[in-house]
Every structure is written in structure tokens, then in C-alpha cells.
file my_file-v4.cif (mmCIF, C-alpha atoms)
data_my_file
#
loop_
_atom_site.group_PDB
_atom_site.id
_atom_site.type_symbol
_atom_site.label_atom_id
_atom_site.label_comp_id
_atom_site.auth_asym_id
_atom_site.auth_seq_id
_atom_site.Cartn_x
_atom_site.Cartn_y
_atom_site.Cartn_z
ATOM 1 C CA MET X 18 9.136 13.145 -15.078
ATOM 2 C CA PRO X 19 10.910 16.270 -13.797
ATOM 3 C CA TYR X 20 13.093 15.893 -10.733
ATOM 4 C CA HIS X 21 13.385 18.577 -8.123
ATOM 5 C CA ALA X 22 16.756 19.571 -6.712
ATOM 6 C CA LEU X 23 15.990 17.961 -3.342
ATOM 7 C CA GLU X 24 15.070 14.642 -4.994
ATOM 8 C CA ILE X 25 18.242 14.633 -7.065
ATOM 9 C CA THR X 26 20.350 15.486 -4.029
ATOM 10 C CA LEU X 27 18.719 12.746 -1.927
ATOM 11 C CA THR X 28 19.191 10.210 -4.712
ATOM 12 C CA ARG X 29 22.862 11.097 -4.972
ATOM 13 C CA LEU X 30 23.247 10.917 -1.193
ATOM 14 C CA MET X 31 21.683 7.450 -1.204
ATOM 15 C CA THR X 32 24.380 6.236 -3.554
ATOM 16 C CA LEU X 33 26.939 7.274 -0.942
ATOM 17 C CA VAL X 34 25.236 5.315 1.858
ATOM 18 C CA ALA X 35 26.630 1.816 2.292
ATOM 19 C CA ALA X 36 23.785 -0.705 2.321
ATOM 20 C CA LYS X 37 22.868 -4.006 0.723
ATOM 21 C CA THR X 38 19.436 -2.866 -0.532
ATOM 22 C CA PRO X 39 17.817 0.412 -1.602
ATOM 23 C CA GLN X 40 15.410 0.122 1.343
ATOM 24 C CA ARG X 41 18.268 -0.018 3.847
ATOM 25 C CA ALA X 42 20.050 2.857 2.113
ATOM 26 C CA ALA X 43 16.905 4.987 2.333
ATOM 27 C CA ARG X 44 16.407 4.051 5.993
ATOM 28 C CA ARG X 45 20.001 4.924 6.887
ATOM 29 C CA LEU X 46 19.850 8.166 4.947
ATOM 30 C CA ARG X 47 16.624 9.159 6.684
ATOM 31 C CA ARG X 48 18.192 8.454 10.091
ATOM 32 C CA ARG X 49 21.233 10.578 9.278
ATOM 33 C CA LEU X 50 19.329 13.479 7.730
ATOM 34 C CA GLY X 51 16.154 13.328 9.790
ATOM 35 C CA THR X 52 17.452 15.744 12.402
ATOM 36 C CA ARG X 53 18.859 18.145 9.791
ATOM 37 C CA LEU X 54 16.180 18.225 7.091
ATOM 38 C CA PRO X 55 12.384 18.233 7.405
ATOM 39 C CA ILE X 56 11.959 14.996 5.446
ATOM 40 C CA ASP X 57 8.951 12.751 6.038
ATOM 41 C CA VAL X 58 9.408 10.523 2.995
ATOM 42 C CA ILE X 59 12.520 9.607 1.034
ATOM 43 C CA THR X 60 11.881 8.061 -2.378
ATOM 44 C CA THR X 61 14.546 5.672 -3.545
ATOM 45 C CA HIS X 62 13.902 6.160 -7.295
ATOM 46 C CA TYR X 63 15.123 2.590 -7.734
ATOM 47 C CA PRO X 64 12.235 0.346 -8.829
ATOM 48 C CA ASP X 65 11.779 -2.943 -7.027
ATOM 49 C CA ALA X 66 11.282 -6.328 -8.706
ATOM 50 C CA ASP X 67 7.699 -5.323 -9.644
ATOM 51 C CA HIS X 68 8.994 -2.085 -11.231
ATOM 52 C CA SER X 69 7.420 0.028 -8.479
ATOM 53 C CA VAL X 70 9.190 3.024 -6.997
ATOM 54 C CA LEU X 71 10.010 2.337 -3.365
ATOM 55 C CA LEU X 72 9.083 4.695 -0.542
ATOM 56 C CA ASN X 73 10.720 4.738 2.843
ATOM 57 C CA ILE X 74 8.211 6.348 5.188
ATOM 58 C CA SER X 75 8.897 7.263 8.771
ATOM 59 C CA LEU X 76 5.716 6.363 10.662
ATOM 60 C CA PRO X 77 4.849 7.846 14.031
ATOM 61 C CA PRO X 78 5.501 5.330 16.854
ATOM 62 C CA ALA X 79 1.773 4.846 17.590
ATOM 63 C CA VAL X 80 1.016 3.992 13.946
ATOM 64 C CA HIS X 81 3.960 1.621 13.741
ATOM 65 C CA ALA X 82 2.848 -0.097 16.960
ATOM 66 C CA ALA X 83 -0.716 -0.459 15.634
ATOM 67 C CA LEU X 84 0.526 -1.999 12.375
ATOM 68 C CA THR X 85 2.821 -4.365 14.249
ATOM 69 C CA ALA X 86 0.035 -5.425 16.641
ATOM 70 C CA GLY X 87 -2.455 -5.893 13.797
ATOM 71 C CA GLY X 88 0.067 -7.924 11.845
ATOM 72 C CA ARG X 89 0.790 -10.087 14.868
ATOM 73 C CA ARG X 90 -2.944 -10.770 15.375
ATOM 74 C CA ALA X 91 -3.300 -11.681 11.690
ATOM 75 C CA GLN X 92 -0.043 -13.681 11.802
ATOM 76 C CA GLN X 93 1.441 -11.428 9.119
ATOM 77 C CA THR X 94 4.361 -9.047 8.899
ATOM 78 C CA PRO X 95 3.397 -5.387 9.350
ATOM 79 C CA GLU X 96 4.151 -4.823 5.643
ATOM 80 C CA ARG X 97 1.888 -7.690 4.547
ATOM 81 C CA PHE X 98 -0.813 -6.593 6.989
ATOM 82 C CA LEU X 99 -0.740 -3.112 5.441
ATOM 83 C CA GLU X 100 -0.858 -4.575 1.909
ATOM 84 C CA LEU X 101 -3.938 -6.618 2.839
ATOM 85 C CA ALA X 102 -5.622 -3.575 4.383
ATOM 86 C CA GLU X 103 -4.923 -1.529 1.250
ATOM 87 C CA HIS X 104 -6.341 -4.341 -0.888
ATOM 88 C CA ALA X 105 -9.483 -4.398 1.273
ATOM 89 C CA ASP X 106 -9.852 -0.623 0.855
ATOM 90 C CA ARG X 107 -9.487 -0.880 -2.936
ATOM 91 C CA GLU X 108 -12.018 -3.723 -3.050
ATOM 92 C CA THR X 109 -14.490 -1.733 -0.948
ATOM 93 C CA GLU X 110 -14.125 1.258 -3.281
ATOM 94 C CA ARG X 111 -14.603 -0.987 -6.333
ATOM 95 C CA LEU X 112 -17.760 -2.521 -4.899
ATOM 96 C CA ASP X 113 -19.067 0.905 -3.899
ATOM 97 C CA ARG X 114 -18.666 2.132 -7.495
ATOM 98 C CA ALA X 115 -20.380 -0.999 -8.820
ATOM 99 C CA VAL X 116 -23.327 -0.620 -6.422
ATOM 100 C CA ARG X 117 -23.723 3.063 -7.323
ATOM 101 C CA GLN X 118 -23.779 2.125 -10.998
ATOM 102 C CA LEU X 119 -26.408 -0.550 -10.332
ATOM 103 C CA LEU X 120 -28.501 1.899 -8.302
ATOM 104 C CA ALA X 121 -28.512 4.274 -11.253
ATOM 105 C CA HIS X 122 -30.659 1.717 -13.106
ATOM 106 C CA THR X 123 -32.838 0.214 -10.344
ATOM 107 C CA THR X 124 -34.243 0.894 -6.892
ATOM 108 C CA PRO X 125 -32.488 0.001 -3.630
ATOM 109 C CA ALA X 126 -35.251 -2.516 -2.833
ATOM 110 C CA TYR X 127 -34.772 -4.429 -6.111
ATOM 111 C CA LEU X 128 -31.006 -4.389 -5.701
ATOM 112 C CA LEU X 129 -31.233 -5.656 -2.116
ATOM 113 C CA ALA X 130 -33.624 -8.435 -3.188
ATOM 114 C CA ALA X 131 -31.275 -9.460 -6.003
ATOM 115 C CA VAL X 132 -28.239 -9.505 -3.670
ATOM 116 C CA GLY X 133 -30.177 -11.553 -1.096
ATOM 117 C CA HIS X 134 -31.255 -14.004 -3.787
ATOM 118 C CA ALA X 135 -27.682 -14.333 -5.083
ATOM 119 C CA LEU X 136 -26.312 -14.923 -1.587
ATOM 120 C CA THR X 137 -28.819 -17.651 -0.745
ATOM 121 C CA ARG X 138 -28.121 -19.740 -3.849
ATOM 122 C CA LEU X 139 -25.505 -22.420 -3.374
ATOM 123 C CA PRO X 140 -22.673 -22.243 -5.882
ATOM 124 C CA GLU X 141 -22.533 -25.127 -8.309
ATOM 125 C CA ARG X 142 -19.693 -27.553 -7.828
ATOM 126 C CA PRO X 143 -17.304 -27.840 -10.752
ATOM 127 C CA THR X 144 -17.407 -31.155 -12.557
ATOM 128 C CA PRO X 145 -14.191 -33.203 -12.299
#
call {"tool": "encode", "arguments": {"input": "my_file-v4.cif", "output": "C-alpha cells"}}
result
Amino acid sequence: MPYHALEITLTRLMTLVAAKTPQRAARRLRRRLGTRLPIDVITTHYPDADHSVLLNISLPPAVHAALTAGGRRAQQTPERFLELAEHADRETERLDRAVRQLLAHTTPAYLLAAVGHALTRLPERPTP
């Protein structure tokens, strides 16, 4: 993957920022450079435990407040609340694709009848 000069420079600057974690280094770097450079996102380029590249995104105050409030209502951290919302979005997209594929081979009325029938059947209990 090619790196752009700005990414390389930011990565090198992060190594000069004293912090215990890459997330804190990115946050501190963004605070220091935010007034000097038009940076909305700083990528750490250091994978986390799941081998994912970390992003440190500066959210507008209203968005941050909404995530915090939603997380509080769901008794989750804002990060976990956002993860759950993203999972719900992915699941909705997956189901939408599946329904469209089913509709390619049947009519909406048959599909609706089949879904209604499936929802009204009680699941069988597993045998111990």
C-alpha cells in the first residue's frame, strides 16, 4: 500500500508523542496539530489486537453528545454503542440483499406469506 507524504510525516510525528497507547498518541497529536493542519482523521498505522488499523476521528460536539447519550441509554460506552449500531446497519444491508434475491424468484405476496408462516411457528426446543 503506498503511503503519502502526509501519512508518513504524521506517523513519524506520532512516534515523538509521549503516550501509553497508539490511540492516546493519535489524540494528542491531533490536539497539537489540529489548529495548524486541516486534519479530520489521523490514522495510527499501528494495528490493534484484532489486526485492524486504528482511526482517531475528531467528531463534532453534537455527534459526540448524541453517541454519549445513546450509549448511556443503552448502558454501553459510546464506542460499544457505535459498534452495535454499525452491526445493526450491516445486518440490515445483509437482510436487504437476501430479500432482493428471494424476490427475484418469487412474488412479494408469496414471500410475505412464507415469512409470516416462519414467524408464527414455535422453534423446537433442543433435546438435552
call {"tool": "residues_near_point", "arguments": {"input": "my_file-v4.cif", "point": "(0.1, 0.6, 11.2)", "cutoff": "12 Å", "atoms": "all atoms listed in the file", "output": "MDAnalysis selection string"}}
result
chainID X and resid 74:89 94:103
call {"tool": "axis_aligned_box", "arguments": {"input": "my_file-v4.cif", "around": "segment 93-100 of chain X", "padding_each_side": "4 Å", "output": "AutoDock Vina command-line options"}}
result
--center_x 1.8 --center_y -7.3 --center_z 5.6 --size_x 13.2 --size_y 16.3 --size_z 15.4
call {"tool": "atom_distance", "arguments": {"input": "my_file-v4.cif", "atom1": "atom CA of Asp106 of chain X", "atom2": "atom CA of Pro39 of chain X"}}
result
27.8 Å
call {"tool": "build_atoms", "arguments": {"input": "my_file-v4.cif", "residues": "segment 105-119 of chain X", "atoms": "N, CA, C and O atoms", "output": "JSON list (two decimals), keeping the file's coordinate frame"}}
result
[["chain", "number", "residue", "atom", "x", "y", "z"],
["X", 105, "ALA", "N", -8.10, -4.45, 0.79],
["X", 105, "ALA", "CA", -9.48, -4.40, 1.27],
["X", 105, "ALA", "C", -10.10, -3.03, 0.98],
["X", 105, "ALA", "O", -11.27, -2.96, 0.57],
["X", 106, "ASP", "N", -9.35, -1.97, 1.16],
["X", 106, "ASP", "CA", -9.85, -0.62, 0.86],
["X", 106, "ASP", "C", -10.17, -0.48, -0.63],
["X", 106, "ASP", "O", -11.21, 0.07, -1.01],
["X", 107, "ARG", "N", -9.26, -0.96, -1.49],
["X", 107, "ARG", "CA", -9.49, -0.88, -2.94],
["X", 107, "ARG", "C", -10.72, -1.70, -3.34],
["X", 107, "ARG", "O", -11.51, -1.27, -4.18],
["X", 108, "GLU", "N", -10.87, -2.87, -2.74],
["X", 108, "GLU", "CA", -12.02, -3.72, -3.05],
["X", 108, "GLU", "C", -13.32, -3.06, -2.60],
["X", 108, "GLU", "O", -14.32, -3.10, -3.32],
["X", 109, "THR", "N", -13.31, -2.44, -1.44],
["X", 109, "THR", "CA", -14.49, -1.73, -0.95],
["X", 109, "THR", "C", -14.86, -0.59, -1.88],
["X", 109, "THR", "O", -16.03, -0.41, -2.22],
["X", 110, "GLU", "N", -13.86, 0.16, -2.33],
["X", 110, "GLU", "CA", -14.12, 1.26, -3.28],
["X", 110, "GLU", "C", -14.67, 0.72, -4.60],
["X", 110, "GLU", "O", -15.59, 1.31, -5.19],
["X", 111, "ARG", "N", -14.13, -0.39, -5.08],
["X", 111, "ARG", "CA", -14.60, -0.99, -6.33],
["X", 111, "ARG", "C", -16.05, -1.42, -6.22],
["X", 111, "ARG", "O", -16.88, -1.13, -7.08],
["X", 112, "LEU", "N", -16.38, -2.08, -5.11],
["X", 112, "LEU", "CA", -17.76, -2.52, -4.90],
["X", 112, "LEU", "C", -18.71, -1.34, -4.74],
["X", 112, "LEU", "O", -19.84, -1.37, -5.22],
["X", 113, "ASP", "N", -18.25, -0.29, -4.07],
["X", 113, "ASP", "CA", -19.07, 0.90, -3.90],
["X", 113, "ASP", "C", -19.41, 1.52, -5.26],
["X", 113, "ASP", "O", -20.57, 1.89, -5.51],
["X", 114, "ARG", "N", -18.41, 1.60, -6.15],
["X", 114, "ARG", "CA", -18.67, 2.13, -7.50],
["X", 114, "ARG", "C", -19.66, 1.25, -8.25],
["X", 114, "ARG", "O", -20.56, 1.74, -8.94],
["X", 115, "ALA", "N", -19.49, -0.07, -8.12],
["X", 115, "ALA", "CA", -20.38, -1.00, -8.82],
["X", 115, "ALA", "C", -21.81, -0.87, -8.31],
["X", 115, "ALA", "O", -22.77, -0.85, -9.10],
["X", 116, "VAL", "N", -21.99, -0.76, -7.00],
["X", 116, "VAL", "CA", -23.33, -0.62, -6.42],
["X", 116, "VAL", "C", -23.96, 0.69, -6.87],
["X", 116, "VAL", "O", -25.14, 0.74, -7.23],
["X", 117, "ARG", "N", -23.18, 1.77, -6.87],
["X", 117, "ARG", "CA", -23.72, 3.06, -7.32],
["X", 117, "ARG", "C", -24.17, 2.99, -8.78],
["X", 117, "ARG", "O", -25.19, 3.56, -9.15],
["X", 118, "GLN", "N", -23.40, 2.27, -9.59],
["X", 118, "GLN", "CA", -23.78, 2.12, -11.00],
["X", 118, "GLN", "C", -25.06, 1.31, -11.12],
["X", 118, "GLN", "O", -25.95, 1.64, -11.91],
["X", 119, "LEU", "N", -25.17, 0.24, -10.32],
["X", 119, "LEU", "CA", -26.41, -0.55, -10.33],
["X", 119, "LEU", "C", -27.60, 0.27, -9.86],
["X", 119, "LEU", "O", -28.70, 0.16, -10.42]]
